[in-house]
>>> print(open('final_30.cif').read())   # mmCIF, C-alpha atoms and all ligand atoms
data_entry
#
loop_
_atom_site.group_PDB
_atom_site.id
_atom_site.type_symbol
_atom_site.label_atom_id
_atom_site.label_comp_id
_atom_site.auth_asym_id
_atom_site.auth_seq_id
_atom_site.Cartn_x
_atom_site.Cartn_y
_atom_site.Cartn_z
ATOM 1 C CA MET A 1468 14.361 -12.980 -10.702
ATOM 2 C CA ILE A 1469 11.446 -11.266 -9.000
ATOM 3 C CA THR A 1470 8.223 -10.813 -10.996
ATOM 4 C CA VAL A 1471 5.389 -8.594 -9.788
ATOM 5 C CA VAL A 1472 1.984 -9.551 -11.152
ATOM 6 C CA GLY A 1473 -0.776 -6.939 -11.109
ATOM 7 C CA THR A 1474 -1.626 -3.546 -12.511
ATOM 8 C CA ALA A 1475 -0.141 -0.500 -10.788
ATOM 9 C CA LYS A 1476 -3.659 0.985 -10.435
ATOM 10 C CA THR A 1477 -4.265 -1.382 -7.527
ATOM 11 C CA ARG A 1478 -2.606 -2.346 -4.238
ATOM 12 C CA THR A 1479 0.157 -3.736 -6.499
ATOM 13 C CA LEU A 1480 1.494 -0.159 -6.498
ATOM 14 C CA ARG A 1481 2.705 -0.730 -2.911
ATOM 15 C CA VAL A 1482 4.939 -3.621 -4.012
ATOM 16 C CA LEU A 1483 6.246 -1.766 -7.073
ATOM 17 C CA TRP A 1484 7.022 1.275 -4.912
ATOM 18 C CA MET A 1485 8.783 -0.927 -2.312
ATOM 19 C CA LEU A 1486 10.950 -2.561 -4.989
ATOM 20 C CA GLU A 1487 11.819 0.833 -6.446
ATOM 21 C CA GLU A 1488 12.804 2.140 -2.979
ATOM 22 C CA LEU A 1489 14.932 -0.966 -2.408
ATOM 23 C CA GLY A 1490 16.538 -0.653 -5.841
ATOM 24 C CA LEU A 1491 15.997 -4.346 -6.598
ATOM 25 C CA PRO A 1492 15.658 -5.540 -10.211
ATOM 26 C CA TYR A 1493 12.260 -7.007 -11.135
ATOM 27 C CA ASP A 1494 9.922 -7.783 -13.997
ATOM 28 C CA HIS A 1495 6.398 -6.440 -14.044
ATOM 29 C CA GLN A 1496 3.391 -8.258 -15.487
ATOM 30 C CA PRO A 1497 0.502 -5.737 -15.328
ATOM 31 C CA GLU A 1498 -2.471 -8.125 -15.023
ATOM 32 C CA SER A 1499 -6.009 -7.284 -13.948
ATOM 33 C CA PRO A 1500 -7.598 -8.977 -10.906
ATOM 34 C CA ARG A 1501 -9.232 -12.353 -11.661
ATOM 35 C CA SER A 1502 -7.520 -12.651 -15.076
ATOM 36 C CA PRO A 1503 -6.661 -16.270 -15.969
ATOM 37 C CA GLU A 1504 -2.958 -15.469 -15.429
ATOM 38 C CA VAL A 1505 -3.660 -14.195 -11.903
ATOM 39 C CA THR A 1506 -6.072 -16.974 -10.956
ATOM 40 C CA ALA A 1507 -3.495 -19.558 -12.036
ATOM 41 C CA LEU A 1508 -1.157 -18.112 -9.394
ATOM 42 C CA ASN A 1509 -3.668 -17.064 -6.717
ATOM 43 C CA PRO A 1510 -6.965 -18.994 -6.626
ATOM 44 C CA LEU A 1511 -8.574 -15.928 -4.991
ATOM 45 C CA GLY A 1512 -7.867 -13.977 -8.183
ATOM 46 C CA ARG A 1513 -6.399 -11.088 -6.175
ATOM 47 C CA ILE A 1514 -3.377 -8.966 -6.943
ATOM 48 C CA PRO A 1515 -0.610 -8.295 -6.181
ATOM 49 C CA VAL A 1516 1.168 -11.618 -6.592
ATOM 50 C CA LEU A 1517 4.940 -11.860 -6.393
ATOM 51 C CA ARG A 1518 7.038 -14.627 -7.873
ATOM 52 C CA ASP A 1519 10.541 -15.118 -6.560
ATOM 53 C CA GLY A 1520 12.071 -18.224 -8.111
ATOM 54 C CA ASP A 1521 9.664 -21.037 -7.289
ATOM 55 C CA ALA A 1522 7.916 -19.059 -4.542
ATOM 56 C CA VAL A 1523 4.511 -17.510 -5.298
ATOM 57 C CA LEU A 1524 3.519 -14.950 -2.670
ATOM 58 C CA THR A 1525 0.289 -13.028 -2.150
ATOM 59 C CA ASP A 1526 -0.902 -9.974 -0.189
ATOM 60 C CA SER A 1527 0.796 -6.607 -0.586
ATOM 61 C CA VAL A 1528 1.777 -6.298 3.082
ATOM 62 C CA ALA A 1529 3.140 -9.852 3.361
ATOM 63 C CA ILE A 1530 5.101 -9.286 0.149
ATOM 64 C CA MET A 1531 6.586 -5.972 1.340
ATOM 65 C CA ALA A 1532 7.648 -7.555 4.644
ATOM 66 C CA TYR A 1533 9.188 -10.474 2.734
ATOM 67 C CA LEU A 1534 11.146 -8.149 0.460
ATOM 68 C CA GLY A 1535 12.382 -6.059 3.378
ATOM 69 C CA ASP A 1536 13.471 -9.108 5.387
ATOM 70 C CA ARG A 1537 15.093 -10.591 2.275
ATOM 71 C CA SER A 1538 17.175 -7.481 1.528
ATOM 72 C CA PRO A 1539 17.858 -5.841 4.905
ATOM 73 C CA ASP A 1540 20.593 -3.560 3.575
ATOM 74 C CA ALA A 1541 18.700 -2.255 0.545
ATOM 75 C CA GLY A 1542 17.215 1.230 0.247
ATOM 76 C CA GLY A 1543 18.356 4.850 0.231
ATOM 77 C CA ALA A 1544 20.010 6.880 2.991
ATOM 78 C CA ASP A 1545 16.639 8.155 4.277
ATOM 79 C CA CYS A 1546 15.242 4.607 4.641
ATOM 80 C CA VAL A 1547 15.622 2.007 7.389
ATOM 81 C CA GLY A 1548 17.537 -0.911 5.776
ATOM 82 C CA GLY A 1549 15.026 -2.924 3.759
ATOM 83 C CA LEU A 1550 12.417 -0.333 4.897
ATOM 84 C CA THR A 1551 11.918 -2.847 7.693
ATOM 85 C CA HIS A 1552 13.210 -3.044 11.247
ATOM 86 C CA PRO A 1553 14.656 -6.471 12.110
ATOM 87 C CA ALA A 1554 12.163 -9.144 13.224
ATOM 88 C CA GLY A 1555 12.146 -9.754 16.979
ATOM 89 C CA THR A 1556 12.894 -6.143 17.945
ATOM 90 C CA PRO A 1557 10.518 -3.682 19.658
ATOM 91 C CA ALA A 1558 11.007 -1.347 16.672
ATOM 92 C CA ARG A 1559 9.623 -4.039 14.374
ATOM 93 C CA ALA A 1560 6.611 -4.538 16.636
ATOM 94 C CA HIS A 1561 5.940 -0.757 16.564
ATOM 95 C CA GLN A 1562 6.352 -0.759 12.790
ATOM 96 C CA ASP A 1563 3.976 -3.739 12.381
ATOM 97 C CA ALA A 1564 1.435 -2.088 14.699
ATOM 98 C CA LEU A 1565 1.462 0.978 12.450
ATOM 99 C CA THR A 1566 1.081 -1.115 9.299
ATOM 100 C CA LEU A 1567 -1.889 -2.968 10.831
ATOM 101 C CA ARG A 1568 -3.403 0.309 12.016
ATOM 102 C CA LEU A 1569 -3.254 1.633 8.451
ATOM 103 C CA ILE A 1570 -5.001 -1.510 7.228
ATOM 104 C CA ASP A 1571 -7.743 -1.133 9.876
ATOM 105 C CA GLU A 1572 -8.202 2.623 9.676
ATOM 106 C CA PHE A 1573 -7.675 3.290 5.969
ATOM 107 C CA ASP A 1574 -7.493 0.222 3.703
ATOM 108 C CA ALA A 1575 -10.546 -1.487 5.226
ATOM 109 C CA VAL A 1576 -12.637 1.703 5.239
ATOM 110 C CA ILE A 1577 -11.760 2.668 1.652
ATOM 111 C CA TRP A 1578 -12.427 -0.911 0.559
ATOM 112 C CA THR A 1579 -15.866 -0.796 2.224
ATOM 113 C CA MET A 1580 -16.595 2.388 0.253
ATOM 114 C CA ALA A 1581 -15.438 0.750 -2.985
ATOM 115 C CA ARG A 1582 -17.605 -2.323 -2.342
ATOM 116 C CA HIS A 1583 -20.694 -0.208 -1.741
ATOM 117 C CA THR A 1584 -19.949 2.004 -4.766
ATOM 118 C CA PHE A 1585 -18.994 -0.364 -7.604
ATOM 119 C CA VAL A 1586 -17.660 -3.746 -6.445
ATOM 120 C CA LEU A 1587 -20.816 -5.421 -5.081
ATOM 121 C CA PRO A 1588 -23.825 -6.119 -7.302
ATOM 122 C CA GLU A 1589 -26.086 -3.060 -7.205
ATOM 123 C CA LYS A 1590 -28.815 -4.730 -5.154
ATOM 124 C CA LEU A 1591 -26.345 -5.523 -2.332
ATOM 125 C CA ARG A 1592 -24.909 -1.997 -2.095
ATOM 126 C CA VAL A 1593 -25.832 0.123 0.933
ATOM 127 C CA PRO A 1594 -24.980 3.717 -0.075
ATOM 128 C CA GLU A 1595 -25.952 4.941 3.415
ATOM 129 C CA VAL A 1596 -22.600 3.649 4.756
ATOM 130 C CA LEU A 1597 -20.621 6.044 2.552
ATOM 131 C CA PRO A 1598 -20.907 9.272 4.615
ATOM 132 C CA THR A 1599 -20.012 7.336 7.785
ATOM 133 C CA CYS A 1600 -16.922 5.855 6.086
ATOM 134 C CA GLU A 1601 -15.886 9.312 4.880
ATOM 135 C CA LYS A 1602 -16.188 10.737 8.399
ATOM 136 C CA GLU A 1603 -14.128 7.844 9.749
ATOM 137 C CA LEU A 1604 -11.381 8.529 7.196
ATOM 138 C CA VAL A 1605 -11.265 12.232 8.070
ATOM 139 C CA ARG A 1606 -11.040 11.374 11.796
ATOM 140 C CA ASN A 1607 -8.369 8.723 11.139
ATOM 141 C CA ALA A 1608 -6.338 11.153 9.009
ATOM 142 C CA ALA A 1609 -6.354 13.615 11.926
ATOM 143 C CA LYS A 1610 -5.131 10.860 14.283
ATOM 144 C CA LEU A 1611 -2.404 9.911 11.800
ATOM 145 C CA ALA A 1612 -1.318 13.562 11.606
ATOM 146 C CA ASP A 1613 -0.987 13.566 15.426
ATOM 147 C CA ARG A 1614 1.127 10.411 15.263
ATOM 148 C CA LEU A 1615 3.355 11.941 12.573
ATOM 149 C CA GLY A 1616 3.897 15.233 14.370
ATOM 150 C CA ASP A 1617 6.799 17.127 12.835
ATOM 151 C CA ARG A 1618 8.877 14.060 11.988
ATOM 152 C CA PRO A 1619 9.688 13.230 8.365
ATOM 153 C CA PHE A 1620 8.266 9.686 8.506
ATOM 154 C CA LEU A 1621 5.798 7.770 10.672
ATOM 155 C CA MET A 1622 8.531 5.811 12.497
ATOM 156 C CA GLY A 1623 10.792 8.850 12.879
ATOM 157 C CA ASP A 1624 13.719 10.016 10.745
ATOM 158 C CA LYS A 1625 13.705 7.122 8.293
ATOM 159 C CA MET A 1626 11.190 5.642 5.895
ATOM 160 C CA THR A 1627 9.644 2.232 6.569
ATOM 161 C CA ILE A 1628 6.801 0.104 5.152
ATOM 162 C CA PRO A 1629 4.037 2.027 7.012
ATOM 163 C CA ASP A 1630 4.981 5.119 4.979
ATOM 164 C CA ILE A 1631 4.280 3.190 1.777
ATOM 165 C CA MET A 1632 0.936 2.117 3.251
ATOM 166 C CA ALA A 1633 0.058 5.682 4.279
ATOM 167 C CA GLY A 1634 1.105 7.173 0.937
ATOM 168 C CA HIS A 1635 -0.826 4.573 -1.007
ATOM 169 C CA CYS A 1636 -3.992 4.528 1.135
ATOM 170 C CA CYS A 1637 -4.338 8.314 1.447
ATOM 171 C CA GLY A 1638 -3.710 8.710 -2.300
ATOM 172 C CA TRP A 1639 -6.309 6.020 -2.978
ATOM 173 C CA ALA A 1640 -8.857 7.802 -0.770
ATOM 174 C CA ILE A 1641 -8.225 11.166 -2.425
ATOM 175 C CA THR A 1642 -8.441 9.630 -5.930
ATOM 176 C CA ALA A 1643 -11.725 7.997 -4.892
ATOM 177 C CA GLY A 1644 -13.057 11.474 -4.170
ATOM 178 C CA VAL A 1645 -12.897 11.441 -0.368
ATOM 179 C CA ALA A 1646 -12.405 14.933 1.060
ATOM 180 C CA LEU A 1647 -9.731 13.696 3.464
ATOM 181 C CA ALA A 1648 -9.002 17.214 4.732
ATOM 182 C CA PRO A 1649 -5.475 16.223 5.860
ATOM 183 C CA PRO A 1650 -3.982 18.534 8.491
ATOM 184 C CA SER A 1651 -1.071 20.560 7.059
ATOM 185 C CA ASN A 1652 1.706 18.310 8.414
ATOM 186 C CA LEU A 1653 0.022 15.234 6.920
ATOM 187 C CA ALA A 1654 -0.622 17.012 3.604
ATOM 188 C CA ALA A 1655 3.072 17.998 3.356
ATOM 189 C CA TYR A 1656 4.156 14.462 4.282
ATOM 190 C CA LEU A 1657 1.908 12.932 1.604
ATOM 191 C CA LYS A 1658 3.263 15.357 -0.981
ATOM 192 C CA ARG A 1659 6.839 14.432 -0.007
ATOM 193 C CA LEU A 1660 6.046 10.723 -0.336
ATOM 194 C CA ARG A 1661 4.256 11.063 -3.634
ATOM 195 C CA THR A 1662 7.034 13.095 -5.238
ATOM 196 C CA ARG A 1663 9.713 10.542 -4.381
ATOM 197 C CA PRO A 1664 11.432 9.271 -7.552
ATOM 198 C CA ALA A 1665 10.742 5.656 -6.514
ATOM 199 C CA TYR A 1666 7.015 6.397 -6.209
ATOM 200 C CA ARG A 1667 6.915 8.185 -9.566
ATOM 201 C CA ARG A 1668 8.717 5.263 -11.237
ATOM 202 C CA ALA A 1669 6.294 2.739 -9.730
ATOM 203 C CA LEU A 1670 3.278 4.824 -10.763
ATOM 204 C CA GLY A 1671 4.618 5.111 -14.300
ATOM 205 C CA ARG A 1672 4.679 1.350 -14.907
ATOM 206 C CA PRO A 1673 2.910 0.284 -18.118
ATOM 207 C CA GLU A 1674 -0.768 -0.600 -17.741
ATOM 208 C CA VAL A 1675 -2.754 -3.627 -18.924
ATOM 209 C CA SER A 1676 -2.794 -3.430 -22.725
HETATM 210 N N1 LIG B 1701 -5.113 -7.646 1.407
HETATM 211 C C1 LIG B 1701 -4.815 -7.864 0.016
HETATM 212 C C2 LIG B 1701 -5.986 -7.404 -0.836
HETATM 213 C C3 LIG B 1701 -5.782 -7.780 -2.294
HETATM 214 C C4 LIG B 1701 -6.960 -7.302 -3.141
HETATM 215 O O1 LIG B 1701 -8.132 -7.399 -2.737
HETATM 216 N N2 LIG B 1701 -6.613 -6.791 -4.316
HETATM 217 C C5 LIG B 1701 -7.637 -6.300 -5.218
HETATM 218 C C6 LIG B 1701 -7.043 -5.258 -6.152
HETATM 219 S S1 LIG B 1701 -6.485 -3.865 -5.234
HETATM 220 C C7 LIG B 1701 -8.143 -7.467 -6.029
HETATM 221 O O2 LIG B 1701 -7.371 -8.172 -6.626
HETATM 222 N N3 LIG B 1701 -9.469 -7.664 -6.025
HETATM 223 C C8 LIG B 1701 -10.103 -8.685 -6.792
HETATM 224 C C9 LIG B 1701 -11.066 -9.493 -5.970
HETATM 225 O O3 LIG B 1701 -11.151 -9.302 -4.741
HETATM 226 O O4 LIG B 1701 -11.746 -10.342 -6.556
HETATM 227 C C10 LIG B 1701 -3.526 -7.132 -0.366
HETATM 228 O O5 LIG B 1701 -3.180 -6.130 0.294
HETATM 229 O O6 LIG B 1701 -2.842 -7.551 -1.298
#
>>> encode(input="final_30.cif", output="structure tokens")
Amino acid sequence: MITVVGTAKTRTLRVLWMLEELGLPYDHQPESPRSPEVTALNPLGRIPVLRDGDAVLTDSVAIMAYLGDRSPDAGGADCVGGLTHPAGTPARAHQDALTLRLIDEFDAVIWTMARHTFVLPEKLRVPEVLPTCEKELVRNAAKLADRLGDRPFLMGDKMTIPDIMAGHCCGWAITAGVALAPPSNLAAYLKRLRTRPAYRRALGRPEVS
């Protein structure tokens, strides 16, 4: 049985959403970062963590790729099987390039903003970086809108892991108060992603009690 460890308010949401898209059964343990339960599994104290039998896996992107490779036929009719093109194909390299681009251009920038807003001790925060980060996100959202064009998903007609990354990161930025100003095609795409039943189910997971 698969167990996802981590509260859905964090990057754990990506893994929950992926599992819901794939339709795989799983348990959810909504732990906070650095809780004793998390640190026992991941010495870094970070979530998400995924347990699959004896395997203990970390990092949302590594976990999503694992799940996709593990269940290549899973997912709905509008998804690539396993939301993941097969390893060793040019399509997979394009998909991975997009995933890494979303980490560079969104995850890392939003994380920098979070660190300089509430994560770092106050004396180490440099609030002057915040407007620059916000400008970068707006510029990167415009570039992502160009990449999307009028296609339903970033890789074309079918959903893949980069769409989960885009939906999660852009939602995270907007929730954090960034005026992302997404061009209309990107705004419509984000709305489509965030109204998917699998996304709503993942978001509705119980929280840390
Ligand atoms: N690249 C990792 C980042 C994991 C991460 O930093 N998770 C945050 C929650 S979203 C966390 O657990 N932070 C606690 C810490 O860094 O001490 C991933 O995508 O899973």
>>> axis_aligned_box(input="final_30.cif", around="stretch 1657-1667 of chain A", padding_each_side="8 Å", output="AutoDock Vina command-line options")
--center_x 6.7 --center_y 10.5 --center_z -4.0 --size_x 25.5 --size_y 25.7 --size_z 27.2
>>> residues_near_ligand(input="final_30.cif", ligand="ligand LIG 1701 (chain B)", cutoff="10 Å", atoms="only C-alpha atoms and all ligand atoms", output="VMD selection string")
chain A and resid 1473 to 1482 1498 to 1502 1505 to 1506 1509 to 1516 1524 to 1531 1570 1574 to 1575 1578 1582 1586 1632
>>> write_last_selection(input="final_30.cif", atoms="C-alpha atoms", output="PDB file, keeping the file's coordinate frame")
ATOM      1  CA  GLY A1473      -0.776  -6.939 -11.109  1.00  0.00           C
ATOM      2  CA  THR A1474      -1.626  -3.546 -12.511  1.00  0.00           C
ATOM      3  CA  ALA A1475      -0.141  -0.500 -10.788  1.00  0.00           C
ATOM      4  CA  LYS A1476      -3.659   0.985 -10.435  1.00  0.00           C
ATOM      5  CA  THR A1477      -4.265  -1.382  -7.527  1.00  0.00           C
ATOM      6  CA  ARG A1478      -2.606  -2.346  -4.238  1.00  0.00           C
ATOM      7  CA  THR A1479       0.157  -3.736  -6.499  1.00  0.00           C
ATOM      8  CA  LEU A1480       1.494  -0.159  -6.498  1.00  0.00           C
ATOM      9  CA  ARG A1481       2.705  -0.730  -2.911  1.00  0.00           C
ATOM     10  CA  VAL A1482       4.939  -3.621  -4.012  1.00  0.00           C
ATOM     11  CA  GLU A1498      -2.471  -8.125 -15.023  1.00  0.00           C
ATOM     12  CA  SER A1499      -6.009  -7.284 -13.948  1.00  0.00           C
ATOM     13  CA  PRO A1500      -7.598  -8.977 -10.906  1.00  0.00           C
ATOM     14  CA  ARG A1501      -9.232 -12.353 -11.661  1.00  0.00           C
ATOM     15  CA  SER A1502      -7.520 -12.651 -15.076  1.00  0.00           C
ATOM     16  CA  VAL A1505      -3.660 -14.195 -11.903  1.00  0.00           C
ATOM     17  CA  THR A1506      -6.072 -16.974 -10.956  1.00  0.00           C
ATOM     18  CA  ASN A1509      -3.668 -17.064  -6.717  1.00  0.00           C
ATOM     19  CA  PRO A1510      -6.965 -18.994  -6.626  1.00  0.00           C
ATOM     20  CA  LEU A1511      -8.574 -15.928  -4.991  1.00  0.00           C
ATOM     21  CA  GLY A1512      -7.867 -13.977  -8.183  1.00  0.00           C
ATOM     22  CA  ARG A1513      -6.399 -11.088  -6.175  1.00  0.00           C
ATOM     23  CA  ILE A1514      -3.377  -8.966  -6.943  1.00  0.00           C
ATOM     24  CA  PRO A1515      -0.610  -8.295  -6.181  1.00  0.00           C
ATOM     25  CA  VAL A1516       1.168 -11.618  -6.592  1.00  0.00           C
ATOM     26  CA  LEU A1524       3.519 -14.950  -2.670  1.00  0.00           C
ATOM     27  CA  THR A1525       0.289 -13.028  -2.150  1.00  0.00           C
ATOM     28  CA  ASP A1526      -0.902  -9.974  -0.189  1.00  0.00           C
ATOM     29  CA  SER A1527       0.796  -6.607  -0.586  1.00  0.00           C
ATOM     30  CA  VAL A1528       1.777  -6.298   3.082  1.00  0.00           C
ATOM     31  CA  ALA A1529       3.140  -9.852   3.361  1.00  0.00           C
ATOM     32  CA  ILE A1530       5.101  -9.286   0.149  1.00  0.00           C
ATOM     33  CA  MET A1531       6.586  -5.972   1.340  1.00  0.00           C
ATOM     34  CA  ILE A1570      -5.001  -1.510   7.228  1.00  0.00           C
ATOM     35  CA  ASP A1574      -7.493   0.222   3.703  1.00  0.00           C
ATOM     36  CA  ALA A1575     -10.546  -1.487   5.226  1.00  0.00           C
ATOM     37  CA  TRP A1578     -12.427  -0.911   0.559  1.00  0.00           C
ATOM     38  CA  ARG A1582     -17.605  -2.323  -2.342  1.00  0.00           C
ATOM     39  CA  VAL A1586     -17.660  -3.746  -6.445  1.00  0.00           C
ATOM     40  CA  MET A1632       0.936   2.117   3.251  1.00  0.00           C
TER      41      MET A1632
END
>>> residues_around(input="final_30.cif", residues="A:His1552", least_positions_apart="2", cutoff="10 Å", atoms="only C-alpha atoms", output="VMD selection string")
chain A and resid 1532 1535 to 1536 1539 1547 to 1550 1554 to 1563 1627 to 1628
>>> resolve_selection(input="final_30.cif", expression="the PyMOL selection byres (((chain A and resi 1672) around 9) and not hetatm)", output="count of residues only")
12
>>> closest_residue(input="final_30.cif", among="A:Glu1488, A:Asp1624, A:Asp1521, A:Glu1603", to="A:Ser1538", atoms="all atoms listed in the file")
A:Glu1488
>>> residues_around(input="final_30.cif", residues="A:Val1645", least_positions_apart="5", cutoff="12 Å", atoms="all atoms listed in the file", output="NGL selection string")
:A and (1573 or 1576-1577 or 1580-1581 or 1597-1605 or 1608 or 1636-1640)
>>> residues_around(input="final_30.cif", residues="stretch 1651-1664 of chain A", least_positions_apart="5", cutoff="9 Å", atoms="all atoms listed in the file", output="JSON, numbers by chain")
{"A": [1487, 1488, 1608, 1609, 1611, 1612, 1613, 1615, 1616, 1617, 1619, 1620, 1630, 1631, 1633, 1634, 1635, 1637, 1638, 1669]}
>>> closest_residue(input="final_30.cif", among="A:Ala1564, A:Val1523, A:Ala1646, A:Leu1508", to="A:Met1622", atoms="only C-alpha atoms")
A:Ala1564
>>> atom_distance(input="final_30.cif", atom1="atom CA of A:Gly1520", atom2="atom CA of A:Asp1494")
12.2 Å
>>> closest_residue(input="final_30.cif", among="A:Thr1551, A:Arg1537, A:Ile1469, A:Asn1607", to="A:Asp1571", atoms="only C-alpha atoms")
A:Asn1607
>>> closest_residue(input="final_30.cif", among="A:Gly1543, A:Pro1492, A:Pro1503, A:Pro1650", to="A:Arg1614", atoms="all atoms listed in the file")
A:Pro1650
>>> build_atoms(input="final_30.cif", residues="stretch 1577-1601 of chain A", atoms="N, CA and C atoms", output="short mmCIF file (atom, residue, chain, number, x, y, z; two decimals), keeping the file's coordinate frame")
data_model
loop_
_atom_site.label_atom_id
_atom_site.label_comp_id
_atom_site.auth_asym_id
_atom_site.auth_seq_id
_atom_site.Cartn_x
_atom_site.Cartn_y
_atom_site.Cartn_z
N ILE A 1577 -11.68 2.31 3.08
CA ILE A 1577 -11.76 2.67 1.65
C ILE A 1577 -12.33 1.49 0.86
N TRP A 1578 -11.94 0.28 1.25
CA TRP A 1578 -12.43 -0.91 0.56
C TRP A 1578 -13.94 -1.07 0.77
N THR A 1579 -14.41 -0.75 1.97
CA THR A 1579 -15.87 -0.80 2.22
C THR A 1579 -16.57 0.19 1.30
N MET A 1580 -16.00 1.38 1.15
CA MET A 1580 -16.60 2.39 0.25
C MET A 1580 -16.62 1.87 -1.19
N ALA A 1581 -15.50 1.26 -1.61
CA ALA A 1581 -15.44 0.75 -2.98
C ALA A 1581 -16.49 -0.33 -3.19
N ARG A 1582 -16.64 -1.22 -2.19
CA ARG A 1582 -17.60 -2.32 -2.34
C ARG A 1582 -19.02 -1.78 -2.48
N HIS A 1583 -19.32 -0.74 -1.70
CA HIS A 1583 -20.69 -0.21 -1.74
C HIS A 1583 -20.87 0.86 -2.82
N THR A 1584 -19.83 1.06 -3.64
CA THR A 1584 -19.95 2.00 -4.77
C THR A 1584 -19.97 1.26 -6.10
N PHE A 1585 -19.02 0.29 -6.28
CA PHE A 1585 -18.99 -0.36 -7.60
C PHE A 1585 -18.65 -1.85 -7.56
N VAL A 1586 -18.12 -2.35 -6.43
CA VAL A 1586 -17.66 -3.75 -6.44
C VAL A 1586 -18.83 -4.73 -6.31
N LEU A 1587 -19.69 -4.50 -5.32
CA LEU A 1587 -20.82 -5.42 -5.08
C LEU A 1587 -21.88 -5.25 -6.16
N PRO A 1588 -22.68 -6.31 -6.42
CA PRO A 1588 -23.82 -6.12 -7.30
C PRO A 1588 -24.72 -5.02 -6.74
N GLU A 1589 -25.36 -4.27 -7.62
CA GLU A 1589 -26.09 -3.06 -7.20
C GLU A 1589 -27.08 -3.34 -6.08
N LYS A 1590 -27.76 -4.47 -6.15
CA LYS A 1590 -28.82 -4.73 -5.15
C LYS A 1590 -28.24 -4.98 -3.74
N LEU A 1591 -26.95 -5.28 -3.65
CA LEU A 1591 -26.34 -5.52 -2.33
C LEU A 1591 -25.67 -4.27 -1.76
N ARG A 1592 -25.59 -3.21 -2.57
CA ARG A 1592 -24.91 -2.00 -2.10
C ARG A 1592 -25.78 -1.24 -1.10
N VAL A 1593 -25.12 -0.68 -0.07
CA VAL A 1593 -25.83 0.12 0.93
C VAL A 1593 -25.19 1.51 0.92
N PRO A 1594 -25.66 2.42 0.07
CA PRO A 1594 -24.98 3.72 -0.08
C PRO A 1594 -24.99 4.54 1.21
N GLU A 1595 -25.89 4.18 2.14
CA GLU A 1595 -25.95 4.94 3.42
C GLU A 1595 -24.67 4.81 4.23
N VAL A 1596 -23.84 3.78 3.96
CA VAL A 1596 -22.60 3.65 4.76
C VAL A 1596 -21.54 4.66 4.32
N LEU A 1597 -21.72 5.23 3.12
CA LEU A 1597 -20.62 6.04 2.55
C LEU A 1597 -20.27 7.29 3.38
N PRO A 1598 -21.27 8.09 3.81
CA PRO A 1598 -20.91 9.27 4.62
C PRO A 1598 -20.22 8.89 5.93
N THR A 1599 -20.65 7.77 6.53
CA THR A 1599 -20.01 7.34 7.78
C THR A 1599 -18.55 6.97 7.52
N CYS A 1600 -18.31 6.24 6.43
CA CYS A 1600 -16.92 5.86 6.09
C CYS A 1600 -16.08 7.12 5.87
N GLU A 1601 -16.65 8.09 5.16
CA GLU A 1601 -15.89 9.31 4.88
C GLU A 1601 -15.52 10.02 6.18
#
